[in-house]
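Have a look at the structure below, then the notes.
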Amino acid sequence: MNLRLSIILFIFAVILFLVSVQSGIAQQQVADSIRSYQLKETVITATRSSIEKERIPQQIDIISQKDIKQTSFIDAIDLIKKNASVSVLQYPGLLGGVSIRGFRPQFSGINQRTLLLVDGRPAGTVNLATIDPGSIERIEVLKGPASALYGAQAMGGVVNIITQKSTGKIHSSLFADYGSYNSLRIGGQTGGNLTEQLDFDLSFQSFSRNDDYKTGKSNWLRNALHGGTAIKYYIKQPATEINDSRGDGIRRDYTQLSYYSGSLRAGYQLTSNWRLDVRGERFLAHGIESPSDIEYGNTQPSTKDIGRANGEVSLAGTMGIHQLSLKGYTAQETSDNYTLENNGVKIPPYRSYQSQSSWKGIQVKDVLKLGIHQLTLGIDYTSVSIQTHSYSNDTTETRPYSPNYALHSTAIYAQGQFFVLGNRLTVTPGLRFDRITFDVKTTPLLTTYTPGNETNPFLSPSLGAQYQIIEPLKVHATIGRAFVTPDAYQVAGFSQLGSNKSVAITQGNPELTNENSITWDAGIRFIKPAIGFTADITYFSTVVQDRITSRTTRYTTPEFTVNGDTIKSRTTYINGNKGEIRGLEAEVAYDFGALKEYAYSFRVFANATSISHAKEVTIGTDGSTTRKDIYNIASLTMNYGIEYNNLKGASLRINGRYVGHRKDTDYNDLLYPEIQYPVFMVIDMAASYIYAHQHTVSLLVNNITDENYYEKRGYNMPGRNFTLRYSFTF
């Protein structure tokens, strides 16, 4: 779509919005609905017990159902990056991960530093993009260490996806949308009580992008921000500025994709105090196309198939002061990658890589209600296993990069929520003990390591406090310890890359130990929905011990493999001495509707994370100190916008996302320099109108100013695109 048509559609949406503003202010029934929504307290569960957000000292961003409906997205990664100030590493083909508080984002493996949960249990996936978006009620992004609650991985924080749980009268909705690149999404959900005891939720969704997308080319914001230049930092030569505006307005081949997802939940009220819930979820994607790095054109494209199935059973009830729950879960995920071309020449597609992951676990929890206080006690058991296979183009199995392995964890934990000094002081002490077995298994064709297992304990304490100075003004602080185990590739992996008899070798290190950290934060918040104003500013500081990082040795005198190839470099993994991360988080929102007792809502909002310091520190055997930036962490990440909801069901939301400088390694350069990405900003819009309380028509515009930008250099994201959506509720 050209720029002129884009402007016309935007103006048309604004006109509809302004007309609805003038006609809607008199309808008191809808006004009461808006007022109720704005003033209600948000109850969160990421702390493993239900509590109002305003009463806890931790930082938590809530992505509500309203936010989800007003966000243009392909997958859950889009929902999170556009609504919470997190760092992202994202590729076009349903692949990516998020980072909280300065830990590098990851998109694979079971040893990540941001923990992904669904309803408080492990999500059963190594890829955030495979979460069923149709069943999401809200997303809670808990910032700060949470190993005292959840064990390994929760170093930077937790993403807890809350699914729908409907009761009462059955409500249903169907929707369909069509957009740029011949994209089509259809789906629906229904839920409520079938009988007095039996309730359910059912959701399904199908998405397909049937044409390859184009990158942006107008770049109004890139030009204004001077964001067209990257900088390469070399070890033994001066830094070099390079033009990073490549690929403006081009068609990115191999960016088509489609997926299907759905979930079903059934709940039965056994007695007045006890209920049973069973839930299953399925995700299927076939032929997801993955383009090459833009540096290489179409020389290395691939496709992949992803399948995932989750299931859980939970029993919950009350006995006196005890709120008891027992949950069992299982999940399986497979990913098959297919190679399509070899050095730009199309070949018969063949499966080159396969991974199989499985999860199973049990959670037992007791929340003791001690007057106004509560104490949560629990036991967790989790077992996760990973298998990988590699193949050549004649279907012969070859040596995989990483060995097969498993993690088994048994843990006990306690978390308190105590309210003292006339309910003005909240104190949240926590403690968790994990016993983890890391099992590296015998793997066919991979003989560069010795299989075995090792069991080690880990103790994770935490403490939080919040004090109410005056009714809307509170100070808060937390401190906690967190950890992550090394993964199998870091312990025992092996890869050899290169050509023309010159290779680079990466090999694991069996001597690695757990990476661990201590984080403290302190801040002040002001929350008073009655006047429409909320704000929070928090400073945080993290020290990481035994940080797992890589060390590369480049040879000046020739060394050779057993096949006679010259080894140009050898990389292994080490426990660096420490890491240091410091930064500031802030959020602010004001609703002008409070001036009219929420007869309408006109809200301005912003949230941001500024990373002032994110370094890995390594002390060499000769006593020398090396400091290196933590890669893929933006110096500033900010989400901001305005939104309006009027009394006749019209709404408009314009939101932007700014990402500051980040560093990464440029593997396309034979000298492997660090490269500093330029800044970028993207603005989206969503306008909708509800007719007769049942019919909703929405226009969503993604990347209004048609920016050519990327989350991972070389894998540029779509330019300006449109979606028109119709939904029917009954």
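By order of appearance in the structure tokens: chains A, B, ..., then residues from 1 within every chain, and ligands from 1 in the order shown.
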Inset, instruction - Tell me, as a list in words, which residues lie within 7 Å of Val141 in chain A, counting only C-alpha atoms; anything in the same chain fewer than 4 positions away does not count. - result: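 Counting only C-alpha atoms, the residues come to Ile60, Asp61, Ile62, Val158, Val159 and Asn160 of chain A.
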Next, the residues of the selection above should be written as a PDB file, in the first residue's frame with C-alpha atoms.
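File produced: result-v3.pdb:
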```
ATOM      1  CA  ILE A  60       5.240  -6.249  37.621  1.00  0.00           C
ATOM      2  CA  ASP A  61       3.956  -5.128  34.220  1.00  0.00           C
ATOM      3  CA  ILE A  62       0.444  -6.310  33.357  1.00  0.00           C
ATOM      4  CA  VAL A 158       9.385 -14.162  34.922  1.00  0.00           C
ATOM      5  CA  VAL A 159       6.847 -14.021  32.098  1.00  0.00           C
ATOM      6  CA  ASN A 160       3.663 -15.638  33.423  1.00  0.00           C
TER       7      ASN A 160
END
```
Inset, instruction - Report as number ranges by chain: the residues of range 47-275 of chain A with a DSSP assignment of strand (DSSP E), based on the backbone of this structure. - result: A: 51-52, 59-63, 87-91, 95-99, 114-118, 121-122, 136-143, 157-163, 171-179, 183-193, 198-209, 229-233, 240-243, 257-269, 274-275
Inset, instruction - List the neighbours of Pro486 in chain A out to 10 Å using only C-alpha atoms; skip same-chain residues closer than 6 positions along the sequence, and give me the result as a list in words. - result: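 In the requested format, the answer is Ile110, Asn111, Gln112, Phe438, Asn509, Pro510, Leu512, Thr513, Asn514, Glu515, Arg547, Ile548, Tyr573 and Asn575 of chain A.
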Inset, instruction - Show which residues sit within 6 Å of range 300-317 of chain A, as an MDAnalysis selection string. Count only C-alpha atoms, and ignore same-chain residues fewer than 4 positions away. - result: chainID A and resid 273:292 323:340
Inset, instruction - Tell me which of A:Ser147, A:Thr125, A:Asn404, A:Thr561 sits closest to His389 in chain A, counting only C-alpha atoms. - result: A:Asn404
Legend entry - Counting only C-alpha atoms, the residue of A:Arg251, A:Trp520, A:His373, A:Pro349 that sits nearest Ser392 in chain A: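 Of A:Arg251, A:Trp520, A:His373, A:Pro349, the one nearest Ser392 in chain A is A:Pro349, counting only C-alpha atoms.
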